[in-house]
Each structure stands twice: as structure tokens, then as C-alpha cells.
$ cat query_24.cif   # mmCIF, C-alpha atoms
data_start
loop_
_atom_site.group_PDB
_atom_site.id
_atom_site.type_symbol
_atom_site.label_atom_id
_atom_site.label_comp_id
_atom_site.auth_asym_id
_atom_site.auth_seq_id
_atom_site.Cartn_x
_atom_site.Cartn_y
_atom_site.Cartn_z
ATOM 1 C CA MET A 5 124.098 -63.267 23.675
ATOM 2 C CA LEU A 6 121.574 -61.608 25.919
ATOM 3 C CA PRO A 7 119.178 -63.860 27.801
ATOM 4 C CA ARG A 8 115.622 -63.859 26.613
ATOM 5 C CA ILE A 9 113.124 -62.403 29.057
ATOM 6 C CA ILE A 10 109.606 -63.710 28.835
ATOM 7 C CA LEU A 11 106.863 -61.517 30.275
ATOM 8 C CA THR A 12 103.633 -63.168 31.255
ATOM 9 C CA LEU A 13 100.557 -60.988 31.503
ATOM 10 C CA THR A 14 97.724 -62.147 33.652
ATOM 11 C CA LEU A 15 94.284 -60.671 33.063
ATOM 12 C CA LEU A 16 92.688 -59.829 36.356
ATOM 13 C CA PRO A 17 88.928 -59.682 36.914
ATOM 14 C CA ALA A 18 87.380 -56.323 36.194
ATOM 15 C CA ALA A 19 86.357 -55.927 39.798
ATOM 16 C CA TRP A 20 89.986 -56.203 40.986
ATOM 17 C CA GLY A 21 91.228 -52.941 42.461
ATOM 18 C CA GLN A 22 87.902 -51.182 42.177
ATOM 19 C CA THR A 23 87.027 -49.007 45.125
ATOM 20 C CA ARG A 24 84.456 -50.609 47.316
ATOM 21 C CA GLN A 25 81.291 -48.529 47.326
ATOM 22 C CA THR A 26 79.471 -47.919 50.558
ATOM 23 C CA THR A 27 76.014 -46.554 51.122
ATOM 24 C CA ALA A 28 76.018 -43.119 52.730
ATOM 25 C CA PRO A 29 74.022 -42.856 55.942
ATOM 26 C CA PRO A 30 70.732 -40.969 55.762
ATOM 27 C CA ALA A 31 70.835 -37.213 56.262
ATOM 28 C CA SER A 32 68.762 -37.543 59.453
ATOM 29 C CA GLU A 33 71.430 -39.806 61.003
ATOM 30 C CA LEU A 34 74.197 -37.408 60.025
ATOM 31 C CA ALA A 35 72.267 -34.502 61.575
ATOM 32 C CA ALA A 36 71.722 -36.461 64.806
ATOM 33 C CA ALA A 37 75.415 -37.449 64.960
ATOM 34 C CA SER A 38 76.526 -33.826 64.592
ATOM 35 C CA TYR A 39 73.914 -32.510 67.044
ATOM 36 C CA VAL A 40 75.495 -30.724 70.011
ATOM 37 C CA LEU A 41 73.940 -31.927 73.245
ATOM 38 C CA GLY A 42 72.727 -29.530 75.882
ATOM 39 C CA PRO A 43 70.733 -29.309 79.127
ATOM 40 C CA GLU A 44 67.251 -30.887 79.042
ATOM 41 C CA ASP A 45 68.143 -33.162 76.117
ATOM 42 C CA GLN A 46 67.411 -36.839 76.762
ATOM 43 C CA VAL A 47 69.738 -39.632 75.592
ATOM 44 C CA THR A 48 69.531 -43.419 75.571
ATOM 45 C CA ILE A 49 72.819 -45.231 76.310
ATOM 46 C CA ARG A 50 73.571 -48.916 75.682
ATOM 47 C CA VAL A 51 76.813 -50.749 76.447
ATOM 48 C CA LEU A 52 77.413 -54.290 75.200
ATOM 49 C CA ASP A 53 78.044 -56.765 78.055
ATOM 50 C CA LEU A 54 77.400 -54.165 80.738
ATOM 51 C CA ASP A 55 73.937 -54.768 82.120
ATOM 52 C CA GLU A 56 74.226 -52.069 84.774
ATOM 53 C CA ILE A 57 73.781 -49.483 82.027
ATOM 54 C CA SER A 58 71.989 -51.364 79.232
ATOM 55 C CA GLU A 59 69.237 -52.840 81.397
ATOM 56 C CA ARG A 60 68.016 -49.374 82.305
ATOM 57 C CA ASP A 61 67.140 -48.750 78.655
ATOM 58 C CA LYS A 62 65.393 -45.520 79.617
ATOM 59 C CA PRO A 63 66.169 -42.010 78.409
ATOM 60 C CA ILE A 64 68.557 -40.120 80.647
ATOM 61 C CA ARG A 65 68.008 -36.386 80.995
ATOM 62 C CA ILE A 66 70.998 -34.072 80.855
ATOM 63 C CA ASP A 67 70.671 -31.866 83.937
ATOM 64 C CA THR A 68 70.818 -28.080 84.023
ATOM 65 C CA ARG A 69 74.586 -28.233 84.620
ATOM 66 C CA GLY A 70 75.040 -30.386 81.532
ATOM 67 C CA ASN A 71 75.850 -33.659 83.349
ATOM 68 C CA ILE A 72 74.562 -37.232 83.324
ATOM 69 C CA SER A 73 75.222 -39.925 85.942
ATOM 70 C CA LEU A 74 75.902 -43.503 84.873
ATOM 71 C CA PRO A 75 76.667 -46.688 86.830
ATOM 72 C CA VAL A 76 80.367 -47.594 86.674
ATOM 73 C CA ALA A 77 81.208 -44.594 84.448
ATOM 74 C CA GLY A 78 80.110 -42.044 87.062
ATOM 75 C CA ARG A 79 79.226 -38.436 86.284
ATOM 76 C CA VAL A 80 79.889 -37.396 82.687
ATOM 77 C CA HIS A 81 79.663 -33.835 81.361
ATOM 78 C CA ALA A 82 77.583 -34.236 78.186
ATOM 79 C CA ALA A 83 76.601 -30.667 77.310
ATOM 80 C CA GLY A 84 78.655 -29.283 74.478
ATOM 81 C CA LEU A 85 79.508 -32.730 73.095
ATOM 82 C CA THR A 86 78.164 -34.381 69.968
ATOM 83 C CA VAL A 87 76.695 -37.886 70.169
ATOM 84 C CA GLU A 88 79.953 -39.372 68.846
ATOM 85 C CA GLN A 89 82.034 -37.409 71.346
ATOM 86 C CA LEU A 90 79.845 -38.576 74.234
ATOM 87 C CA GLU A 91 80.217 -42.182 73.042
ATOM 88 C CA ALA A 92 84.009 -41.729 73.007
ATOM 89 C CA GLU A 93 84.011 -40.188 76.501
ATOM 90 C CA ILE A 94 81.931 -43.030 77.995
ATOM 91 C CA THR A 95 84.102 -45.581 76.179
ATOM 92 C CA THR A 96 87.220 -44.097 77.806
ATOM 93 C CA ARG A 97 85.585 -44.228 81.237
ATOM 94 C CA LEU A 98 84.652 -47.922 80.837
ATOM 95 C CA LYS A 99 88.026 -49.210 79.658
ATOM 96 C CA SER A 100 88.923 -49.943 83.277
ATOM 97 C CA VAL A 101 86.179 -52.608 83.484
ATOM 98 C CA LEU A 102 85.768 -53.705 79.838
ATOM 99 C CA GLN A 103 88.525 -54.648 77.413
ATOM 100 C CA ASP A 104 86.868 -53.149 74.329
ATOM 101 C CA PRO A 105 83.689 -51.262 75.328
ATOM 102 C CA GLU A 106 81.012 -50.920 72.660
ATOM 103 C CA VAL A 107 78.940 -47.854 73.497
ATOM 104 C CA THR A 108 75.899 -46.593 71.596
ATOM 105 C CA VAL A 109 74.299 -43.230 72.336
ATOM 106 C CA THR A 110 71.088 -42.039 70.703
ATOM 107 C CA VAL A 111 69.147 -38.827 71.281
ATOM 108 C CA ALA A 112 65.690 -39.691 72.607
ATOM 109 C CA ASP A 113 64.397 -36.126 72.843
ATOM 110 C CA PHE A 114 65.824 -32.862 71.482
ATOM 111 C CA ARG A 115 65.119 -30.048 73.927
ATOM 112 C CA SER A 116 68.245 -27.941 74.297
ATOM 113 C CA GLN A 117 68.298 -25.908 71.062
ATOM 114 C CA PRO A 118 65.061 -23.910 70.967
ATOM 115 C CA VAL A 119 64.444 -21.126 68.461
ATOM 116 C CA SER A 120 61.392 -18.897 68.806
ATOM 117 C CA VAL A 121 59.624 -17.932 65.577
ATOM 118 C CA LEU A 122 56.914 -15.351 66.142
ATOM 119 C CA GLY A 123 54.480 -13.236 64.173
ATOM 120 C CA ALA A 124 53.200 -13.662 60.626
ATOM 121 C CA VAL A 125 54.237 -17.281 60.000
ATOM 122 C CA LYS A 126 51.984 -20.295 59.559
ATOM 123 C CA ASN A 127 53.246 -22.169 62.656
ATOM 124 C CA PRO A 128 54.535 -19.680 65.239
ATOM 125 C CA GLY A 129 56.101 -20.988 68.432
ATOM 126 C CA VAL A 130 59.250 -22.602 69.774
ATOM 127 C CA HIS A 131 61.003 -24.961 67.359
ATOM 128 C CA GLN A 132 63.854 -27.313 68.250
ATOM 129 C CA ILE A 133 66.676 -27.228 65.701
ATOM 130 C CA ARG A 134 69.015 -30.124 65.070
ATOM 131 C CA GLY A 135 72.477 -29.368 63.817
ATOM 132 C CA ARG A 136 73.173 -26.417 61.547
ATOM 133 C CA LYS A 137 70.094 -24.515 60.388
ATOM 134 C CA THR A 138 69.963 -21.312 58.361
ATOM 135 C CA LEU A 139 67.435 -18.496 58.638
ATOM 136 C CA PHE A 140 65.544 -19.675 55.550
ATOM 137 C CA GLU A 141 65.408 -23.249 56.876
ATOM 138 C CA VAL A 142 64.012 -22.131 60.241
ATOM 139 C CA LEU A 143 61.327 -20.021 58.544
ATOM 140 C CA SER A 144 60.475 -23.100 56.488
ATOM 141 C CA LEU A 145 60.203 -25.179 59.698
ATOM 142 C CA ALA A 146 57.655 -22.613 60.881
ATOM 143 C CA GLY A 147 55.566 -23.204 57.740
ATOM 144 C CA GLY A 148 56.748 -20.145 55.816
ATOM 145 C CA LEU A 149 55.486 -16.567 55.816
ATOM 146 C CA ASN A 150 51.801 -15.600 55.874
ATOM 147 C CA PRO A 151 50.364 -13.455 53.068
ATOM 148 C CA ASP A 152 50.083 -10.556 55.540
ATOM 149 C CA ALA A 153 53.765 -10.681 56.505
ATOM 150 C CA GLY A 154 55.480 -7.316 56.809
ATOM 151 C CA ASN A 155 58.523 -5.935 55.057
ATOM 152 C CA VAL A 156 61.230 -7.274 57.388
ATOM 153 C CA VAL A 157 62.296 -10.306 59.402
ATOM 154 C CA ASN A 158 63.749 -9.314 62.791
ATOM 155 C CA ILE A 159 66.422 -11.441 64.506
ATOM 156 C CA THR A 160 67.350 -11.075 68.186
ATOM 157 C CA ARG A 161 70.397 -12.850 69.658
ATOM 158 C CA LYS A 162 72.025 -12.866 73.077
ATOM 159 C CA LYS A 163 75.433 -11.193 73.063
ATOM 160 C CA THR A 164 76.864 -14.165 74.921
ATOM 161 C CA ALA A 165 75.892 -16.449 72.010
ATOM 162 C CA GLY A 166 78.184 -14.666 69.563
ATOM 163 C CA PRO A 167 78.031 -12.075 66.773
ATOM 164 C CA LEU A 168 75.032 -11.438 64.545
ATOM 165 C CA PRO A 169 76.634 -11.099 61.085
ATOM 166 C CA LEU A 170 74.203 -8.708 59.388
ATOM 167 C CA PRO A 171 74.838 -5.107 58.227
ATOM 168 C CA SER A 172 71.828 -3.752 60.146
ATOM 169 C CA VAL A 173 72.900 -5.147 63.550
ATOM 170 C CA THR A 174 72.503 -2.907 66.606
ATOM 171 C CA ASP A 175 72.443 -3.394 70.376
ATOM 172 C CA ASP A 176 69.125 -3.257 72.192
ATOM 173 C CA SER A 177 68.441 -0.811 75.027
ATOM 174 C CA THR A 178 69.554 -3.303 77.705
ATOM 175 C CA GLY A 179 72.878 -4.003 76.030
ATOM 176 C CA GLU A 180 72.331 -7.762 76.452
ATOM 177 C CA PHE A 181 71.036 -8.536 72.963
ATOM 178 C CA ARG A 182 71.938 -7.856 69.353
ATOM 179 C CA VAL A 183 69.092 -7.019 66.962
ATOM 180 C CA ALA A 184 69.109 -7.019 63.153
ATOM 181 C CA ASN A 185 66.654 -7.332 60.295
ATOM 182 C CA VAL A 186 66.465 -8.782 56.812
ATOM 183 C CA SER A 187 64.159 -7.705 53.989
ATOM 184 C CA VAL A 188 61.264 -10.103 53.408
ATOM 185 C CA LYS A 189 61.676 -9.683 49.660
ATOM 186 C CA SER A 190 65.337 -10.585 50.018
ATOM 187 C CA VAL A 191 64.324 -13.713 51.949
ATOM 188 C CA MET A 192 61.706 -14.777 49.415
ATOM 189 C CA ASP A 193 63.874 -14.053 46.360
ATOM 190 C CA ALA A 194 67.124 -15.318 47.963
ATOM 191 C CA LYS A 195 68.929 -12.335 46.440
ATOM 192 C CA ASN A 196 71.592 -11.976 49.138
ATOM 193 C CA PRO A 197 72.949 -15.372 50.267
ATOM 194 C CA GLN A 198 75.051 -13.686 52.967
ATOM 195 C CA GLU A 199 71.821 -12.717 54.744
ATOM 196 C CA ASN A 200 70.896 -16.397 55.096
ATOM 197 C CA ILE A 201 72.800 -16.596 58.379
ATOM 198 C CA ASP A 202 73.079 -19.612 60.674
ATOM 199 C CA VAL A 203 70.472 -19.538 63.436
ATOM 200 C CA LEU A 204 71.716 -20.288 66.946
ATOM 201 C CA PRO A 205 69.862 -21.741 69.953
ATOM 202 C CA ASP A 206 67.716 -19.184 71.828
ATOM 203 C CA ASP A 207 67.555 -16.840 68.830
ATOM 204 C CA VAL A 208 64.225 -15.062 68.397
ATOM 205 C CA ILE A 209 62.936 -14.570 64.844
ATOM 206 C CA ALA A 210 59.980 -12.207 64.558
ATOM 207 C CA VAL A 211 57.980 -11.475 61.406
ATOM 208 C CA PRO A 212 55.666 -8.510 62.062
ATOM 209 C CA LYS A 213 52.428 -8.134 60.156
ATOM 210 C CA ALA A 214 52.397 -5.750 57.228
ATOM 211 C CA ASP A 215 51.158 -2.199 57.538
ATOM 212 C CA MET A 216 47.733 -1.657 55.991
ATOM 213 C CA VAL A 217 45.453 1.094 54.718
ATOM 214 C CA TYR A 218 41.681 0.875 54.657
ATOM 215 C CA VAL A 219 39.034 2.046 52.195
ATOM 216 C CA ILE A 220 35.425 2.095 53.382
ATOM 217 C CA GLY A 221 32.124 3.606 52.278
ATOM 218 C CA ALA A 222 30.767 4.000 48.742
ATOM 219 C CA VAL A 223 33.295 1.858 46.866
ATOM 220 C CA LYS A 224 32.896 -1.427 45.034
ATOM 221 C CA LYS A 225 35.269 -3.373 47.305
ATOM 222 C CA SER A 226 35.847 -1.972 50.781
ATOM 223 C CA GLY A 227 38.435 -3.446 53.121
ATOM 224 C CA GLY A 228 42.079 -3.368 54.199
ATOM 225 C CA PHE A 229 44.982 -3.465 51.761
ATOM 226 C CA ILE A 230 48.577 -4.505 52.533
ATOM 227 C CA LEU A 231 51.275 -1.960 51.810
ATOM 228 C CA SER A 232 53.852 -4.666 50.979
ATOM 229 C CA GLU A 233 57.233 -3.156 50.132
ATOM 230 C CA LYS A 234 55.885 0.396 49.885
ATOM 231 C CA GLU A 235 56.024 2.707 52.869
ATOM 232 C CA ASN A 236 52.969 4.625 51.683
ATOM 233 C CA ILE A 237 50.276 4.589 49.034
ATOM 234 C CA SER A 238 48.317 7.375 47.356
ATOM 235 C CA VAL A 239 44.575 8.000 47.503
ATOM 236 C CA LEU A 240 44.130 7.063 43.833
ATOM 237 C CA GLN A 241 46.104 3.837 44.309
ATOM 238 C CA ALA A 242 43.939 2.911 47.313
ATOM 239 C CA LEU A 243 40.802 3.734 45.317
ATOM 240 C CA SER A 244 42.049 1.488 42.521
ATOM 241 C CA LEU A 245 42.540 -1.389 44.977
ATOM 242 C CA ALA A 246 38.932 -0.810 46.098
ATOM 243 C CA GLU A 247 37.873 -1.185 42.414
ATOM 244 C CA GLY A 248 36.595 2.377 42.106
ATOM 245 C CA LEU A 249 33.637 4.435 43.300
ATOM 246 C CA ASP A 250 30.137 3.147 43.781
ATOM 247 C CA ARG A 251 27.276 4.760 41.824
ATOM 248 C CA VAL A 252 26.041 6.644 44.888
ATOM 249 C CA ALA A 253 29.429 7.948 46.049
ATOM 250 C CA ALA A 254 30.011 11.559 47.024
ATOM 251 C CA PRO A 255 33.634 12.000 45.867
ATOM 252 C CA LYS A 256 33.791 15.689 46.809
ATOM 253 C CA SER A 257 33.186 14.829 50.485
ATOM 254 C CA ALA A 258 35.752 12.062 50.915
ATOM 255 C CA LYS A 259 38.168 12.218 53.842
ATOM 256 C CA ILE A 260 41.205 10.460 55.317
ATOM 257 C CA LEU A 261 40.958 9.447 58.984
ATOM 258 C CA ARG A 262 44.488 9.400 60.457
ATOM 259 C CA THR A 263 45.641 8.373 63.945
ATOM 260 C CA VAL A 264 47.179 11.079 66.126
ATOM 261 C CA ASP A 265 50.428 10.041 67.865
ATOM 262 C CA GLY A 266 49.397 6.385 67.956
ATOM 263 C CA SER A 267 46.291 7.084 70.058
ATOM 264 C CA ALA A 268 42.693 6.075 69.343
ATOM 265 C CA THR A 269 41.922 9.655 68.283
ATOM 266 C CA ARG A 270 41.886 10.316 64.530
ATOM 267 C CA SER A 271 42.174 13.570 62.648
ATOM 268 C CA GLU A 272 40.205 14.234 59.461
ATOM 269 C CA ILE A 273 41.839 15.290 56.196
ATOM 270 C CA VAL A 274 39.399 16.526 53.548
ATOM 271 C CA VAL A 275 39.882 14.896 50.143
ATOM 272 C CA ASN A 276 38.118 16.139 47.013
ATOM 273 C CA LEU A 277 38.263 13.075 44.790
ATOM 274 C CA THR A 278 36.492 14.915 41.965
ATOM 275 C CA THR A 279 39.346 17.377 41.454
ATOM 276 C CA ILE A 280 41.999 14.678 41.943
ATOM 277 C CA LEU A 281 40.377 12.393 39.357
ATOM 278 C CA ALA A 282 40.082 15.357 36.975
ATOM 279 C CA GLY A 283 43.758 16.197 37.447
ATOM 280 C CA ARG A 284 43.022 19.633 38.857
ATOM 281 C CA SER A 285 44.699 18.863 42.194
ATOM 282 C CA GLY A 286 47.530 16.600 43.256
ATOM 283 C CA ASP A 287 47.163 13.090 44.627
ATOM 284 C CA ILE A 288 47.479 12.668 48.400
ATOM 285 C CA ALA A 289 49.806 10.188 50.106
ATOM 286 C CA MET A 290 48.285 7.841 52.675
ATOM 287 C CA ARG A 291 50.146 6.408 55.647
ATOM 288 C CA ALA A 292 49.992 3.082 57.405
ATOM 289 C CA ASP A 293 46.681 2.597 59.261
ATOM 290 C CA ASP A 294 44.979 5.480 57.368
ATOM 291 C CA ILE A 295 41.274 5.070 56.555
ATOM 292 C CA LEU A 296 39.926 6.536 53.316
ATOM 293 C CA PHE A 297 36.209 7.159 53.856
ATOM 294 C CA ILE A 298 33.963 7.928 50.894
ATOM 295 C CA PRO A 299 30.423 8.864 51.976
ATOM 296 C CA THR A 300 27.218 8.196 50.115
ATOM 297 C CA SER A 301 25.438 11.037 48.293
ATOM 298 C CA ALA A 302 21.876 11.381 49.587
ATOM 299 C CA GLN A 303 20.676 12.941 46.304
ATOM 300 C CA LYS A 304 22.235 10.173 44.240
ATOM 301 C CA SER A 305 20.691 7.547 46.505
ATOM 302 C CA VAL A 306 17.198 9.082 46.188
ATOM 303 C CA ALA A 307 17.567 9.449 42.419
ATOM 304 C CA LEU A 308 18.826 5.889 42.041
ATOM 305 C CA ARG A 309 15.981 4.479 44.123
ATOM 306 C CA SER A 310 13.487 6.481 42.047
ATOM 307 C CA ILE A 311 14.965 5.144 38.813
ATOM 308 C CA GLU A 312 14.930 1.570 40.105
ATOM 309 C CA ALA A 313 11.302 1.966 41.279
ATOM 310 C CA ALA A 314 10.309 3.385 37.883
ATOM 311 C CA ILE A 315 11.984 0.492 36.102
ATOM 312 C CA GLN A 316 10.163 -2.008 38.307
ATOM 313 C CA VAL A 317 6.803 -0.274 37.694
ATOM 314 C CA GLY A 318 7.437 -0.075 33.960
ATOM 315 C CA THR A 319 8.425 -3.711 33.824
ATOM 316 C CA GLY A 320 5.274 -4.653 35.729
ATOM 317 C CA LEU A 321 3.027 -2.670 33.362
ATOM 318 C CA ALA A 322 4.676 -4.198 30.336
ATOM 319 C CA VAL A 323 4.152 -7.696 31.692
ATOM 320 C CA TYR A 324 0.545 -6.893 32.734
ATOM 321 C CA GLY A 325 -0.254 -5.416 29.263
ATOM 322 C CA ARG A 326 0.515 -8.717 27.569
ATOM 323 C CA PHE A 327 -2.488 -10.347 29.265
#
$ encode --input "query_24.cif" --output "C-alpha cells"
Amino acid sequence: MLPRIILTLTLLPAAWGQTRQTTAPPASELAAASYVLGPEDQVTIRVLDLDEISERDKPIRIDTRGNISLPVAGRVHAAGLTVEQLEAEITTRLKSVLQDPEVTVTVADFRSQPVSVLGAVKNPGVHQIRGRKTLFEVLSLAGGLNPDAGNVVNITRKKTAGPLPLPSVTDDSTGEFRVANVSVKSVMDAKNPQENIDVLPDDVIAVPKADMVYVIGAVKKSGGFILSEKENISVLQALSLAEGLDRVAAPKSAKILRTVDGSATRSEIVVNLTTILAGRSGDIAMRADDILFIPTSAQKSVALRSIEAAIQVGTGLAVYGRF
């Protein structure tokens, strides 16, 4: 006869064996922890039970060689280390005087990872980046693009900093820098994620202003108009942006004023808007910085003033005749 085996089941609380949940540190703390220290950064260092360091409680600047000097620990090379790595290095140095050193390092001032953002952005200047930042994120730090931003974003990087992973990359004339560009439309639409490269310290991001054409004279809305993604614009398109001709315009005598070899001198190109509007001659392409000038017709002006004067006189007589 086989012995009887009695199994006893014990119900455990529901919480038994559940994984303990912890609260993730804020993103800002994670970014600071992963920040790579460099010259001119300032750090605050505290060591439990070591007053020689903790009592100072003042930011320590990393010198141009990347070093800091601490009592007891001596000179420590901090550049190139993260905050956690610097804590570990100081901890190792202090084990000869403390059994279990507790070291805390915080970044008091970020100054070693500057990126210059220039041109048609809302907040141009030098911006300090913390941790990994992409091209789109840096442009956002600069407030985004202005409405008059041009067609490309230019990126310049020192060769010693590493490659510039963009298809358009070339070397500059000195051979010390790599230069590349990204389409503004591509940036705004985020069409090509591979163009959203990581920005490195000392990179220069430049957003030139857009090319413009100008329409002045006898039009309803004179002024400058951005070319946007187009390299050129036609006379009729420019006239449309200017909301058409004024009543006193002389369309047969219009002209394009165009710069000559980038100088202040401009050549004149005769434009007969009457024949273009009638379809009897082809439209004319304008270039960046062209000025379309449409003069006023003296005869039309005299006739219009005469009509307006007659209307005013007639209105006055009609009002006077009622009394």
C-alpha cells in the first residue's frame, strides 16, 4: 500500500513576488548625469565626513586643461568624464582616508558645450547643450525659424570633432572644417529622419535669410516677397503677389532693375506688361533681389484727377440744389 501524500496549499498575499516599482528620475537629472564635462564647466563637490572638501561648498571651475584640484584627492582630470564617472574617480582617490566615501557631484554651470545658431532664427547666439541634442532640438532651443528663413540650414563642424554624416558634406577652403546643408522644408516637415543629425559642441548652425524680389510703383501692394523654395519667380507671379496693377499704372513702360555682378549698379530690362497680360509675349523670369518697377501714367493720373474733381463738383451741386 502506497503512503498517502497530503499537499497543503498556502495562499500568499497578492503583493508577494510582485516587482517593486520605482519612480524614474526626471529627464533633467538623467541629462545632467550623462553630461560630459569639459573646460570652463563649474561643478560643486560634497563628501560626507570630509570637511576639507564639503565646507568649501563653492563651484569649482574645470581649467583649460580639463583638471580640478581638491584637498586630499589632489588634481583630478575631469574633462571627458560624466558626473557619475567623476564621482567614481574622486571616490577611488579618497578610499585611502575614508572607509566608504560618499561623493556627490553636481554641475553648477554648463559652459563647455557651446553651439552657435546664427541667422534667421528667433533667438540667435551661443547656446549651451546638455547631453545628446539633435539638429531639430537645437533649432528649437533657438526659438525656431523666422518667417523670412531661407531654403537651407548650413552646418559647419571642425574636422577634429568627427564626421558630418550628411550627403551634401564638403570641406571648406581651409581644410579645417566640414560644411553641409539641410533643406528647410525637410527640417520643418521632418521628411528625412537621417538628416536630423546629432549636434556636437562648437558646431555652427546658420540659417540664411530667404532671397526676395521686390515690386514697387503703381501696384496695389508694393513690397518685398520671399522666394521660399523657388529659385526664381516670373513677372506675372510677382504682380499677383502685389495684388495687381493700380488704376494709374503704365504697364507698357514697366522694367526690371537687376544687380550687375553683385555691385550696387543695376541694369534695366524693359517689360511690356500689356503684351504679357494679353498673352502676346512670354512671361519673364525674375531673379533674387530683382526689382519690378511699374511707373505711373501721367495721362491716366490727369484723367483720374479730372474725373474725381468732376464727381466732387457734381456731388456739391446736387447737395446745394436741395436747399
$ atom_distance --input "query_24.cif" --atom1 "CA of Asp176 (chain A)" --atom2 "CA of Val121 (chain A)"
18.7 Å
$ atom_distance --input "query_24.cif" --atom1 "CA of Ala258 (chain A)" --atom2 "CA of Leu245 (chain A)"
16.2 Å
$ resolve_selection --input "query_24.cif" --expression "the PyMOL selection byres ((chain A and resi 40) around 7)" --output "list in words"
Ser38, Tyr39, Leu41, Gly42, Gly84, Leu85 and Thr86 of chain A
$ residues_around --input "query_24.cif" --residues "His131 (chain A)" --least-positions-apart "6" --cutoff "9 Å" --atoms "all atoms listed in the file" --output "list in words"
Gln117, Pro118, Val119, Ser120, Val121, Val142, Leu145 and Ala146 of chain A
$ residues_around --input "query_24.cif" --residues "region 215-232 of chain A" --least-positions-apart "5" --cutoff "7 Å" --atoms "only C-alpha atoms" --output "list in words"
Asp152, Gly154, Asn155, Ala242, Ala246, Glu247, Gly248, Leu249, Asp250, Val252, Ala253, Ala292, Asp293, Asp294, Ile295, Leu296, Phe297, Ile298, Pro299 and Thr300 of chain A
$ write_last_selection --input "query_24.cif" --atoms "C-alpha atoms" --output "tab-separated table (two decimals), keeping the file's coordinate frame"
chain	number	residue	atom	x	y	z
A	152	ASP	CA	50.08	-10.56	55.54
A	154	GLY	CA	55.48	-7.32	56.81
A	155	ASN	CA	58.52	-5.94	55.06
A	242	ALA	CA	43.94	2.91	47.31
A	246	ALA	CA	38.93	-0.81	46.10
A	247	GLU	CA	37.87	-1.18	42.41
A	248	GLY	CA	36.60	2.38	42.11
A	249	LEU	CA	33.64	4.43	43.30
A	250	ASP	CA	30.14	3.15	43.78
A	252	VAL	CA	26.04	6.64	44.89
A	253	ALA	CA	29.43	7.95	46.05
A	292	ALA	CA	49.99	3.08	57.40
A	293	ASP	CA	46.68	2.60	59.26
A	294	ASP	CA	44.98	5.48	57.37
A	295	ILE	CA	41.27	5.07	56.56
A	296	LEU	CA	39.93	6.54	53.32
A	297	PHE	CA	36.21	7.16	53.86
A	298	ILE	CA	33.96	7.93	50.89
A	299	PRO	CA	30.42	8.86	51.98
A	300	THR	CA	27.22	8.20	50.12
$ atom_distance --input "query_24.cif" --atom1 "CA of Leu168 (chain A)" --atom2 "CA of Ile66 (chain A)"
28.2 Å
$ resolve_selection --input "query_24.cif" --expression "the PyMOL selection byres ((chain A and resi 111) around 8)" --output "compact mmCIF listing (two decimals) with C-alpha atoms, keeping the file's coordinate frame"
# COMPACT_ATOMS: atom_id res chain seq x y z
CA ALA A 36 71.72 -36.46 64.81
CA ASP A 45 68.14 -33.16 76.12
CA GLN A 46 67.41 -36.84 76.76
CA VAL A 47 69.74 -39.63 75.59
CA THR A 48 69.53 -43.42 75.57
CA VAL A 87 76.69 -37.89 70.17
CA VAL A 109 74.30 -43.23 72.34
CA THR A 110 71.09 -42.04 70.70
CA ALA A 112 65.69 -39.69 72.61
CA ASP A 113 64.40 -36.13 72.84
CA PHE A 114 65.82 -32.86 71.48
$ closest_residue --input "query_24.cif" --among "A:Asn236, A:Asn276, A:Ser267, A:Ser301" --to "Arg251 (chain A)" --atoms "all atoms listed in the file"
A:Ser301
$ closest_residue --input "query_24.cif" --among "A:Ile64, A:Leu122, A:Ala92, A:Leu240" --to "Ser285 (chain A)" --atoms "only C-alpha atoms"
A:Leu240
$ closest_residue --input "query_24.cif" --among "A:Val208, A:Leu74, A:Val239, A:Ile288" --to "Glu56 (chain A)" --atoms "only C-alpha atoms"
A:Leu74
$ closest_residue --input "query_24.cif" --among "A:Arg270, A:Arg79, A:Arg262, A:Arg161" --to "Ile209 (chain A)" --atoms "all atoms listed in the file"
A:Arg161
$ closest_residue --input "query_24.cif" --among "A:Ile133, A:Ser257, A:Ser177, A:Val188" --to "Asp202 (chain A)" --atoms "all atoms listed in the file"
A:Ile133
$ closest_residue --input "query_24.cif" --among "A:Pro63, A:Gly179, A:Gly78, A:Pro197" --to "Thr160 (chain A)" --atoms "all atoms listed in the file"
A:Gly179
$ resolve_selection --input "query_24.cif" --expression "the PyMOL selection byres ((chain A and resi 165) around 12)" --output "number ranges by chain"
A: 160-164, 166-168, 180-182, 203-207
$ residues_around --input "query_24.cif" --residues "Lys126 (chain A)" --least-positions-apart "3" --cutoff "7 Å" --atoms "only C-alpha atoms" --output "ChimeraX atom specification"
/A:146-150
$ axis_aligned_box --input "query_24.cif" --around "region 207-220 of chain A" --padding-each-side "4 Å" --output "lines of an AutoDock Vina configuration file"
center_x = 51.5
center_y = -7.4
center_z = 60.5
size_x = 40.1
size_y = 26.9
size_z = 24.6
$ decode --input "query_24.cif" --residues "region 44-54 of chain A" --atoms "N, CA and C atoms" --output "compact mmCIF listing (two decimals), in the first residue's frame"
# COMPACT_ATOMS: atom_id res chain seq x y z
N GLU A 44 35.93 74.94 -18.49
CA GLU A 44 35.06 76.07 -18.16
C GLU A 44 33.76 75.67 -17.47
N ASP A 45 33.41 74.37 -17.47
CA ASP A 45 32.27 73.95 -16.66
C ASP A 45 32.60 74.17 -15.18
N GLN A 46 31.55 74.39 -14.37
CA GLN A 46 31.74 74.53 -12.93
C GLN A 46 30.95 73.46 -12.20
N VAL A 47 31.59 72.79 -11.25
CA VAL A 47 30.96 71.69 -10.50
C VAL A 47 31.03 71.98 -9.01
N THR A 48 30.03 71.48 -8.29
CA THR A 48 30.01 71.54 -6.83
C THR A 48 30.22 70.12 -6.31
N ILE A 49 31.16 69.95 -5.38
CA ILE A 49 31.53 68.61 -4.89
C ILE A 49 31.33 68.58 -3.38
N ARG A 50 30.63 67.56 -2.90
CA ARG A 50 30.42 67.35 -1.46
C ARG A 50 30.82 65.91 -1.11
N VAL A 51 31.52 65.79 0.03
CA VAL A 51 31.94 64.47 0.51
C VAL A 51 31.52 64.36 1.97
N LEU A 52 30.73 63.35 2.26
CA LEU A 52 30.26 63.13 3.65
C LEU A 52 31.45 62.85 4.56
N ASP A 53 31.47 63.56 5.70
CA ASP A 53 32.50 63.39 6.74
C ASP A 53 33.89 63.84 6.29
N LEU A 54 33.95 64.68 5.27
CA LEU A 54 35.24 65.22 4.87
C LEU A 54 35.07 66.73 4.67
